[in-house]
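Structure file final08.cif (mmCIF, N, CA and C atoms) is printed below.
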data_protein
#
loop_
_atom_site.label_atom_id
_atom_site.label_comp_id
_atom_site.auth_asym_id
_atom_site.auth_seq_id
_atom_site.Cartn_x
_atom_site.Cartn_y
_atom_site.Cartn_z
N MET A 1 197.06 60.19 -38.83
CA MET A 1 196.21 61.24 -39.38
C MET A 1 196.09 62.35 -38.35
N LYS A 2 196.20 63.58 -38.82
CA LYS A 2 196.15 64.75 -37.96
C LYS A 2 195.21 65.77 -38.57
N ARG A 3 194.54 66.56 -37.72
CA ARG A 3 193.63 67.61 -38.19
C ARG A 3 193.94 68.88 -37.42
N ILE A 4 193.94 70.00 -38.14
CA ILE A 4 194.16 71.28 -37.50
C ILE A 4 193.05 72.26 -37.86
N TYR A 5 192.86 73.21 -36.97
CA TYR A 5 192.02 74.37 -37.22
C TYR A 5 192.97 75.56 -37.28
N ALA A 6 192.78 76.47 -38.21
CA ALA A 6 193.63 77.65 -38.29
C ALA A 6 192.80 78.87 -38.68
N GLU A 7 193.19 80.01 -38.12
CA GLU A 7 192.61 81.28 -38.52
C GLU A 7 193.76 82.13 -39.08
N VAL A 8 193.57 82.60 -40.30
CA VAL A 8 194.60 83.34 -41.02
C VAL A 8 194.20 84.81 -41.07
N SER A 9 195.10 85.67 -40.64
CA SER A 9 194.81 87.11 -40.66
C SER A 9 195.75 87.82 -41.62
N GLY A 10 195.32 88.99 -42.04
CA GLY A 10 196.07 89.79 -43.00
C GLY A 10 195.16 90.16 -44.16
N ARG A 11 195.76 90.41 -45.32
CA ARG A 11 194.97 90.67 -46.52
C ARG A 11 194.74 89.32 -47.20
N VAL A 12 193.66 88.64 -46.77
CA VAL A 12 193.39 87.29 -47.23
C VAL A 12 191.98 87.11 -47.81
N GLN A 13 191.26 88.20 -47.94
CA GLN A 13 189.96 88.13 -48.60
C GLN A 13 190.00 88.99 -49.86
N GLY A 14 189.35 88.51 -50.90
CA GLY A 14 189.29 89.25 -52.16
C GLY A 14 190.55 89.10 -53.00
N VAL A 15 191.41 88.14 -52.66
CA VAL A 15 192.67 87.96 -53.38
C VAL A 15 192.86 86.50 -53.84
N GLY A 16 191.81 85.70 -53.79
CA GLY A 16 191.90 84.31 -54.23
C GLY A 16 192.52 83.36 -53.21
N PHE A 17 192.56 83.78 -51.96
CA PHE A 17 193.21 82.97 -50.93
C PHE A 17 192.52 81.64 -50.71
N ARG A 18 191.20 81.62 -50.69
CA ARG A 18 190.48 80.35 -50.48
C ARG A 18 190.72 79.38 -51.63
N TYR A 19 190.76 79.89 -52.84
CA TYR A 19 191.00 79.04 -54.01
C TYR A 19 192.44 78.53 -54.01
N PHE A 20 193.37 79.37 -53.54
CA PHE A 20 194.76 78.96 -53.36
C PHE A 20 194.83 77.79 -52.38
N CYS A 21 194.13 77.90 -51.25
CA CYS A 21 194.12 76.82 -50.25
C CYS A 21 193.52 75.54 -50.82
N LYS A 22 192.43 75.67 -51.55
CA LYS A 22 191.79 74.49 -52.14
C LYS A 22 192.72 73.80 -53.14
N SER A 23 193.34 74.55 -54.01
CA SER A 23 194.24 73.98 -55.00
C SER A 23 195.43 73.29 -54.33
N LEU A 24 196.00 73.93 -53.34
CA LEU A 24 197.12 73.36 -52.60
C LEU A 24 196.70 72.08 -51.89
N ALA A 25 195.54 72.10 -51.24
CA ALA A 25 195.04 70.93 -50.53
C ALA A 25 194.82 69.76 -51.49
N GLU A 26 194.25 70.04 -52.65
CA GLU A 26 194.02 68.97 -53.62
C GLU A 26 195.34 68.38 -54.10
N THR A 27 196.35 69.21 -54.30
CA THR A 27 197.67 68.73 -54.72
C THR A 27 198.30 67.82 -53.67
N LEU A 28 198.11 68.17 -52.39
CA LEU A 28 198.74 67.42 -51.30
C LEU A 28 197.87 66.30 -50.75
N GLY A 29 196.64 66.15 -51.25
CA GLY A 29 195.75 65.10 -50.76
C GLY A 29 195.18 65.41 -49.38
N ILE A 30 194.92 66.68 -49.11
CA ILE A 30 194.41 67.13 -47.82
C ILE A 30 192.91 67.32 -47.91
N SER A 31 192.19 66.87 -46.88
CA SER A 31 190.75 67.09 -46.82
C SER A 31 190.47 68.21 -45.83
N GLY A 32 189.26 68.76 -45.90
CA GLY A 32 188.86 69.81 -44.98
C GLY A 32 188.06 70.89 -45.67
N TRP A 33 188.20 72.11 -45.20
CA TRP A 33 187.44 73.23 -45.75
C TRP A 33 188.11 74.55 -45.41
N VAL A 34 187.69 75.61 -46.11
CA VAL A 34 188.16 76.97 -45.88
C VAL A 34 187.00 77.93 -46.11
N ARG A 35 186.95 79.02 -45.34
CA ARG A 35 185.90 80.03 -45.56
C ARG A 35 186.33 81.38 -45.00
N ASN A 36 185.71 82.43 -45.55
CA ASN A 36 185.93 83.79 -45.08
C ASN A 36 185.17 84.01 -43.77
N LEU A 37 185.73 84.83 -42.90
CA LEU A 37 185.06 85.26 -41.68
C LEU A 37 184.63 86.71 -41.83
N PRO A 38 183.59 87.12 -41.13
CA PRO A 38 183.08 88.49 -41.28
C PRO A 38 184.12 89.58 -41.00
N GLY A 39 185.06 89.35 -40.12
CA GLY A 39 186.03 90.38 -39.75
C GLY A 39 187.19 90.55 -40.71
N GLY A 40 187.25 89.76 -41.78
CA GLY A 40 188.32 89.89 -42.76
C GLY A 40 189.34 88.76 -42.73
N ASN A 41 189.26 87.91 -41.72
CA ASN A 41 190.15 86.75 -41.65
C ASN A 41 189.58 85.58 -42.43
N VAL A 42 190.37 84.53 -42.57
CA VAL A 42 189.94 83.28 -43.18
C VAL A 42 190.18 82.18 -42.17
N GLU A 43 189.22 81.25 -42.07
CA GLU A 43 189.42 80.09 -41.20
C GLU A 43 189.42 78.84 -42.04
N LEU A 44 190.10 77.81 -41.53
CA LEU A 44 190.14 76.55 -42.26
C LEU A 44 190.36 75.39 -41.30
N GLU A 45 189.95 74.23 -41.75
CA GLU A 45 190.29 72.97 -41.11
C GLU A 45 190.92 72.11 -42.18
N ALA A 46 192.00 71.43 -41.81
CA ALA A 46 192.72 70.59 -42.77
C ALA A 46 193.14 69.30 -42.08
N GLN A 47 193.02 68.20 -42.81
CA GLN A 47 193.33 66.88 -42.27
C GLN A 47 194.16 66.08 -43.26
N ALA A 48 195.26 65.52 -42.75
CA ALA A 48 196.14 64.70 -43.59
C ALA A 48 197.24 64.13 -42.70
N GLU A 49 198.18 63.48 -43.32
CA GLU A 49 199.37 63.04 -42.60
C GLU A 49 200.15 64.28 -42.18
N THR A 50 200.89 64.18 -41.08
CA THR A 50 201.59 65.33 -40.50
C THR A 50 202.50 66.03 -41.51
N LYS A 51 203.27 65.30 -42.28
CA LYS A 51 204.21 65.94 -43.21
C LYS A 51 203.47 66.74 -44.28
N ASP A 52 202.33 66.25 -44.73
CA ASP A 52 201.54 66.98 -45.73
C ASP A 52 200.92 68.23 -45.12
N LEU A 53 200.45 68.13 -43.88
CA LEU A 53 199.90 69.32 -43.21
C LEU A 53 200.97 70.37 -42.99
N GLU A 54 202.18 69.95 -42.63
CA GLU A 54 203.26 70.91 -42.43
C GLU A 54 203.58 71.64 -43.73
N GLU A 55 203.61 70.92 -44.85
CA GLU A 55 203.85 71.56 -46.14
C GLU A 55 202.72 72.53 -46.50
N PHE A 56 201.49 72.11 -46.25
CA PHE A 56 200.32 72.95 -46.48
C PHE A 56 200.42 74.24 -45.67
N LEU A 57 200.73 74.13 -44.38
CA LEU A 57 200.80 75.30 -43.52
C LEU A 57 201.95 76.23 -43.90
N ARG A 58 203.06 75.68 -44.35
CA ARG A 58 204.16 76.53 -44.83
C ARG A 58 203.68 77.41 -45.98
N ALA A 59 202.97 76.81 -46.92
CA ALA A 59 202.47 77.56 -48.07
C ALA A 59 201.40 78.56 -47.65
N VAL A 60 200.53 78.18 -46.73
CA VAL A 60 199.49 79.10 -46.24
C VAL A 60 200.14 80.31 -45.59
N ARG A 61 201.19 80.10 -44.81
CA ARG A 61 201.89 81.22 -44.16
C ARG A 61 202.52 82.17 -45.19
N GLN A 62 202.97 81.64 -46.31
CA GLN A 62 203.52 82.50 -47.37
C GLN A 62 202.41 83.23 -48.10
N GLY A 63 201.26 82.56 -48.26
CA GLY A 63 200.10 83.18 -48.85
C GLY A 63 200.02 83.04 -50.36
N ALA A 64 198.86 83.34 -50.85
CA ALA A 64 198.59 83.33 -52.29
C ALA A 64 199.16 84.60 -52.91
N PRO A 65 199.42 84.57 -54.22
CA PRO A 65 199.82 85.82 -54.89
C PRO A 65 198.76 86.90 -54.65
N GLY A 66 199.19 88.07 -54.25
CA GLY A 66 198.27 89.17 -53.98
C GLY A 66 197.80 89.24 -52.54
N SER A 67 198.06 88.22 -51.76
CA SER A 67 197.67 88.24 -50.35
C SER A 67 198.85 88.70 -49.50
N LEU A 68 198.57 89.01 -48.26
CA LEU A 68 199.59 89.36 -47.29
C LEU A 68 199.19 88.74 -45.96
N VAL A 69 199.78 87.58 -45.65
CA VAL A 69 199.46 86.87 -44.42
C VAL A 69 200.24 87.49 -43.27
N LYS A 70 199.52 87.92 -42.24
CA LYS A 70 200.17 88.49 -41.06
C LYS A 70 200.36 87.43 -39.98
N ASP A 71 199.38 86.53 -39.82
CA ASP A 71 199.47 85.53 -38.77
C ASP A 71 198.61 84.32 -39.13
N VAL A 72 199.06 83.16 -38.68
CA VAL A 72 198.29 81.93 -38.78
C VAL A 72 198.23 81.33 -37.39
N ALA A 73 197.07 81.45 -36.75
CA ALA A 73 196.86 80.87 -35.42
C ALA A 73 196.26 79.48 -35.62
N GLU A 74 196.99 78.46 -35.21
CA GLU A 74 196.52 77.09 -35.45
C GLU A 74 196.48 76.29 -34.17
N ARG A 75 195.64 75.27 -34.19
CA ARG A 75 195.58 74.32 -33.08
C ARG A 75 195.14 72.97 -33.59
N ASP A 76 195.57 71.93 -32.92
CA ASP A 76 195.15 70.58 -33.27
C ASP A 76 193.72 70.35 -32.80
N ILE A 77 192.96 69.63 -33.61
CA ILE A 77 191.60 69.22 -33.26
C ILE A 77 191.46 67.74 -33.62
N PRO A 78 190.43 67.07 -33.10
CA PRO A 78 190.27 65.64 -33.40
C PRO A 78 190.01 65.39 -34.89
N PRO A 79 190.64 64.36 -35.45
CA PRO A 79 190.39 64.02 -36.86
C PRO A 79 188.95 63.59 -37.10
N GLU A 80 188.48 63.82 -38.32
CA GLU A 80 187.16 63.38 -38.76
C GLU A 80 187.33 62.02 -39.43
N LYS A 81 186.43 61.09 -39.15
CA LYS A 81 186.53 59.76 -39.76
C LYS A 81 186.13 59.76 -41.22
N GLU A 82 185.05 60.43 -41.53
CA GLU A 82 184.50 60.39 -42.89
C GLU A 82 184.62 61.76 -43.55
N GLU A 83 185.77 62.06 -44.08
CA GLU A 83 185.93 63.32 -44.78
C GLU A 83 186.58 63.04 -46.12
N GLY A 84 186.11 63.71 -47.15
CA GLY A 84 186.62 63.44 -48.48
C GLY A 84 187.48 64.54 -49.05
N GLU A 85 186.87 65.52 -49.64
CA GLU A 85 187.56 66.57 -50.38
C GLU A 85 187.85 67.77 -49.49
N PHE A 86 188.51 68.76 -50.08
CA PHE A 86 188.73 70.05 -49.43
C PHE A 86 187.78 71.02 -50.11
N ASP A 87 186.88 71.62 -49.33
CA ASP A 87 185.82 72.46 -49.88
C ASP A 87 186.00 73.92 -49.50
N ILE A 88 185.47 74.77 -50.36
CA ILE A 88 185.32 76.18 -50.02
C ILE A 88 183.91 76.36 -49.49
N ARG A 89 183.80 76.87 -48.29
CA ARG A 89 182.48 77.11 -47.69
C ARG A 89 182.16 78.60 -47.76
N PHE A 90 180.86 78.85 -47.88
CA PHE A 90 180.40 80.24 -47.97
C PHE A 90 179.49 80.58 -46.83
#
Do you think you could lay out the structure here as structure tokens?
Amino acid sequence: MKRIYAEVSGRVQGVGFRYFCKSLAETLGISGWVRNLPGGNVELEAQAETKDLEEFLRAVRQGAPGSLVKDVAERDIPPEKEEGEFDIRF
């Protein structure tokens, strides 16, 4: 099990990017969360098997329809023991 933190920059607010991440995470069986940041970026934490996280991050880098991802800065963080779904945080 692996967990990552990522900050996504570009045109990623107001274009359904968080809902795109949630739908993708649910499809891949990924837990974690996503939320908008005040400066216009989106941050997320995602936890799953490495191959599923890699697929998730590939899609995040491509972005949701209507978005324009410029960069995804990611780093590994310690996995959470008790985490269930992938949530949108406000």
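The interatomic distance for the pair atom C of Val72 in chain A and atom N of Phe56 in chain A works out to 13.2 Å.
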Would you please extract all strand (DSSP E or B) residues from range 18-90 of chain A, as assigned by DSSP on the backbone, and give them as a short mmCIF file (atom, residue, chain, number, x, y, z; two decimals) with N, CA and C atoms, in the coordinates of the input?
data_model
loop_
_atom_site.label_atom_id
_atom_site.label_comp_id
_atom_site.auth_asym_id
_atom_site.auth_seq_id
_atom_site.Cartn_x
_atom_site.Cartn_y
_atom_site.Cartn_z
N SER A 31 192.19 66.87 -46.88
CA SER A 31 190.75 67.09 -46.82
C SER A 31 190.47 68.21 -45.83
N GLY A 32 189.26 68.76 -45.90
CA GLY A 32 188.86 69.81 -44.98
C GLY A 32 188.06 70.89 -45.67
N TRP A 33 188.20 72.11 -45.20
CA TRP A 33 187.44 73.23 -45.75
C TRP A 33 188.11 74.55 -45.41
N VAL A 34 187.69 75.61 -46.11
CA VAL A 34 188.16 76.97 -45.88
C VAL A 34 187.00 77.93 -46.11
N ARG A 35 186.95 79.02 -45.34
CA ARG A 35 185.90 80.03 -45.56
C ARG A 35 186.33 81.38 -45.00
N ASN A 36 185.71 82.43 -45.55
CA ASN A 36 185.93 83.79 -45.08
C ASN A 36 185.17 84.01 -43.77
N VAL A 42 190.37 84.53 -42.57
CA VAL A 42 189.94 83.28 -43.18
C VAL A 42 190.18 82.18 -42.17
N GLU A 43 189.22 81.25 -42.07
CA GLU A 43 189.42 80.09 -41.20
C GLU A 43 189.42 78.84 -42.04
N LEU A 44 190.10 77.81 -41.53
CA LEU A 44 190.14 76.55 -42.26
C LEU A 44 190.36 75.39 -41.30
N GLU A 45 189.95 74.23 -41.75
CA GLU A 45 190.29 72.97 -41.11
C GLU A 45 190.92 72.11 -42.18
N ALA A 46 192.00 71.43 -41.81
CA ALA A 46 192.72 70.59 -42.77
C ALA A 46 193.14 69.30 -42.08
N GLN A 47 193.02 68.20 -42.81
CA GLN A 47 193.33 66.88 -42.27
C GLN A 47 194.16 66.08 -43.26
N ALA A 48 195.26 65.52 -42.75
CA ALA A 48 196.14 64.70 -43.59
C ALA A 48 197.24 64.13 -42.70
N LEU A 68 198.57 89.01 -48.26
CA LEU A 68 199.59 89.36 -47.29
C LEU A 68 199.19 88.74 -45.96
N VAL A 69 199.78 87.58 -45.65
CA VAL A 69 199.46 86.87 -44.42
C VAL A 69 200.24 87.49 -43.27
N LYS A 70 199.52 87.92 -42.24
CA LYS A 70 200.17 88.49 -41.06
C LYS A 70 200.36 87.43 -39.98
N ASP A 71 199.38 86.53 -39.82
CA ASP A 71 199.47 85.53 -38.77
C ASP A 71 198.61 84.32 -39.13
N VAL A 72 199.06 83.16 -38.68
CA VAL A 72 198.29 81.93 -38.78
C VAL A 72 198.23 81.33 -37.39
N ALA A 73 197.07 81.45 -36.75
CA ALA A 73 196.86 80.87 -35.42
C ALA A 73 196.26 79.48 -35.62
N GLU A 74 196.99 78.46 -35.21
CA GLU A 74 196.52 77.09 -35.45
C GLU A 74 196.48 76.29 -34.17
N ARG A 75 195.64 75.27 -34.19
CA ARG A 75 195.58 74.32 -33.08
C ARG A 75 195.14 72.97 -33.59
N ASP A 76 195.57 71.93 -32.92
CA ASP A 76 195.15 70.58 -33.27
C ASP A 76 193.72 70.35 -32.80
N ILE A 77 192.96 69.63 -33.61
CA ILE A 77 191.60 69.22 -33.26
C ILE A 77 191.46 67.74 -33.62
N PHE A 86 188.51 68.76 -50.08
CA PHE A 86 188.73 70.05 -49.43
C PHE A 86 187.78 71.02 -50.11
N ASP A 87 186.88 71.62 -49.33
CA ASP A 87 185.82 72.46 -49.88
C ASP A 87 186.00 73.92 -49.50
N ILE A 88 185.47 74.77 -50.36
CA ILE A 88 185.32 76.18 -50.02
C ILE A 88 183.91 76.36 -49.49
#
- Item | Resolved residues for the PyMOL selection byres ((chain A and resi 21) around 8) as an MDAnalysis selection string | chainID A and resid 16:20 22:27 33:34 59:60 63:64 86:87
Would you mind exporting N, CA and C atoms of the selected residues as a PDB file, keeping the file's coordinate frame?
ATOM      1  N   GLY A  16     191.810  85.700 -53.790  1.00  0.00           N
ATOM      2  CA  GLY A  16     191.900  84.310 -54.230  1.00  0.00           C
ATOM      3  C   GLY A  16     192.520  83.360 -53.210  1.00  0.00           C
ATOM      4  N   PHE A  17     192.560  83.780 -51.960  1.00  0.00           N
ATOM      5  CA  PHE A  17     193.210  82.970 -50.930  1.00  0.00           C
ATOM      6  C   PHE A  17     192.520  81.640 -50.710  1.00  0.00           C
ATOM      7  N   ARG A  18     191.200  81.620 -50.690  1.00  0.00           N
ATOM      8  CA  ARG A  18     190.480  80.350 -50.480  1.00  0.00           C
ATOM      9  C   ARG A  18     190.720  79.380 -51.630  1.00  0.00           C
ATOM     10  N   TYR A  19     190.760  79.890 -52.840  1.00  0.00           N
ATOM     11  CA  TYR A  19     191.000  79.040 -54.010  1.00  0.00           C
ATOM     12  C   TYR A  19     192.440  78.530 -54.010  1.00  0.00           C
ATOM     13  N   PHE A  20     193.370  79.370 -53.540  1.00  0.00           N
ATOM     14  CA  PHE A  20     194.760  78.960 -53.360  1.00  0.00           C
ATOM     15  C   PHE A  20     194.830  77.790 -52.380  1.00  0.00           C
ATOM     16  N   LYS A  22     192.430  75.670 -51.550  1.00  0.00           N
ATOM     17  CA  LYS A  22     191.790  74.490 -52.140  1.00  0.00           C
ATOM     18  C   LYS A  22     192.720  73.800 -53.140  1.00  0.00           C
ATOM     19  N   SER A  23     193.340  74.550 -54.010  1.00  0.00           N
ATOM     20  CA  SER A  23     194.240  73.980 -55.000  1.00  0.00           C
ATOM     21  C   SER A  23     195.430  73.290 -54.330  1.00  0.00           C
ATOM     22  N   LEU A  24     196.000  73.930 -53.340  1.00  0.00           N
ATOM     23  CA  LEU A  24     197.120  73.360 -52.600  1.00  0.00           C
ATOM     24  C   LEU A  24     196.700  72.080 -51.890  1.00  0.00           C
ATOM     25  N   ALA A  25     195.540  72.100 -51.240  1.00  0.00           N
ATOM     26  CA  ALA A  25     195.040  70.930 -50.530  1.00  0.00           C
ATOM     27  C   ALA A  25     194.820  69.760 -51.490  1.00  0.00           C
ATOM     28  N   GLU A  26     194.250  70.040 -52.650  1.00  0.00           N
ATOM     29  CA  GLU A  26     194.020  68.970 -53.620  1.00  0.00           C
ATOM     30  C   GLU A  26     195.340  68.380 -54.100  1.00  0.00           C
ATOM     31  N   THR A  27     196.350  69.210 -54.300  1.00  0.00           N
ATOM     32  CA  THR A  27     197.670  68.730 -54.720  1.00  0.00           C
ATOM     33  C   THR A  27     198.300  67.820 -53.670  1.00  0.00           C
ATOM     34  N   TRP A  33     188.200  72.110 -45.200  1.00  0.00           N
ATOM     35  CA  TRP A  33     187.440  73.230 -45.750  1.00  0.00           C
ATOM     36  C   TRP A  33     188.110  74.550 -45.410  1.00  0.00           C
ATOM     37  N   VAL A  34     187.690  75.610 -46.110  1.00  0.00           N
ATOM     38  CA  VAL A  34     188.160  76.970 -45.880  1.00  0.00           C
ATOM     39  C   VAL A  34     187.000  77.930 -46.110  1.00  0.00           C
ATOM     40  N   ALA A  59     202.970  76.810 -46.920  1.00  0.00           N
ATOM     41  CA  ALA A  59     202.470  77.560 -48.070  1.00  0.00           C
ATOM     42  C   ALA A  59     201.400  78.560 -47.650  1.00  0.00           C
ATOM     43  N   VAL A  60     200.530  78.180 -46.730  1.00  0.00           N
ATOM     44  CA  VAL A  60     199.490  79.100 -46.240  1.00  0.00           C
ATOM     45  C   VAL A  60     200.140  80.310 -45.590  1.00  0.00           C
ATOM     46  N   GLY A  63     201.260  82.560 -48.260  1.00  0.00           N
ATOM     47  CA  GLY A  63     200.100  83.180 -48.850  1.00  0.00           C
ATOM     48  C   GLY A  63     200.020  83.040 -50.360  1.00  0.00           C
ATOM     49  N   ALA A  64     198.860  83.340 -50.850  1.00  0.00           N
ATOM     50  CA  ALA A  64     198.590  83.330 -52.290  1.00  0.00           C
ATOM     51  C   ALA A  64     199.160  84.600 -52.910  1.00  0.00           C
ATOM     52  N   PHE A  86     188.510  68.760 -50.080  1.00  0.00           N
ATOM     53  CA  PHE A  86     188.730  70.050 -49.430  1.00  0.00           C
ATOM     54  C   PHE A  86     187.780  71.020 -50.110  1.00  0.00           C
ATOM     55  N   ASP A  87     186.880  71.620 -49.330  1.00  0.00           N
ATOM     56  CA  ASP A  87     185.820  72.460 -49.880  1.00  0.00           C
ATOM     57  C   ASP A  87     186.000  73.920 -49.500  1.00  0.00           C
TER      58      ASP A  87
END
- Message: My list of candidates is A:Gly29, A:Gly10, A:Pro65, A:Gly84. Which is closest to Asn41 in chain A when distances are computed with only N, CA and C atoms?
- Response: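 Answer, going by the shortest atom-to-atom distance: A:Gly10.
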- Query: List as a PyMOL selection string: which residues have an atom within 8 Å of (194.1, 63.6, -43.1), counting only C-alpha atoms?
  - Reply: chain A and resi 1-3+29-31+46-49+79
- Measure the distance from CA of Arg61 in chain A to CA of Glu82 in chain A in Å and round it to one decimal.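 Value for the CA of Arg61 in chain A-CA of Glu82 in chain A distance: 27.2 Å.
If only C-alpha atoms are the atoms counted, then among A:Ala73, A:Leu37, A:Val8, A:Leu57 the closest residue to Phe90 in chain A is A:Leu37.
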- The distance between CA of Arg89 in chain A and CA of Glu45 in chain A is 11.0 Å
- Note on the structure: Of A:Glu55, A:Asp71, A:Glu7, A:Asp76, the one nearest to Glu43 in chain A when counting only C-alpha atoms is A:Glu7
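Among the candidate residues A:Ile88, A:Val42, A:Lys51, A:Gln62, the one lying nearest to Ala6 in chain A is A:Val42, with distances computed using only N, CA and C atoms.
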- Using all atoms listed in the file, find the one residue out of A:Arg11, A:Leu28, A:Arg35, A:Lys81 that sits nearest to Ser67 in chain A.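 Smallest distance to Ser67 in chain A is found for A:Arg11.
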- Task: Name the closest residue to Val15 in chain A among the candidates A:Gly39, A:Glu83, A:Leu44, A:Gly66; distances are taken between atoms, counting all atoms listed in the file.
- Result: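 When distances to Val15 in chain A are compared using all atoms listed in the file, the smallest one comes from A:Gly66.
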- Identify, with DSSP run on backbone atoms, the residues in chain A assigned to alpha helix (DSSP H), and express the list as JSON, numbers by chain. {"A": [17, 18, 19, 20, 21, 22, 23, 24, 25, 26, 27, 28, 50, 51, 52, 53, 54, 55, 56, 57, 58, 59, 60, 61, 62]}
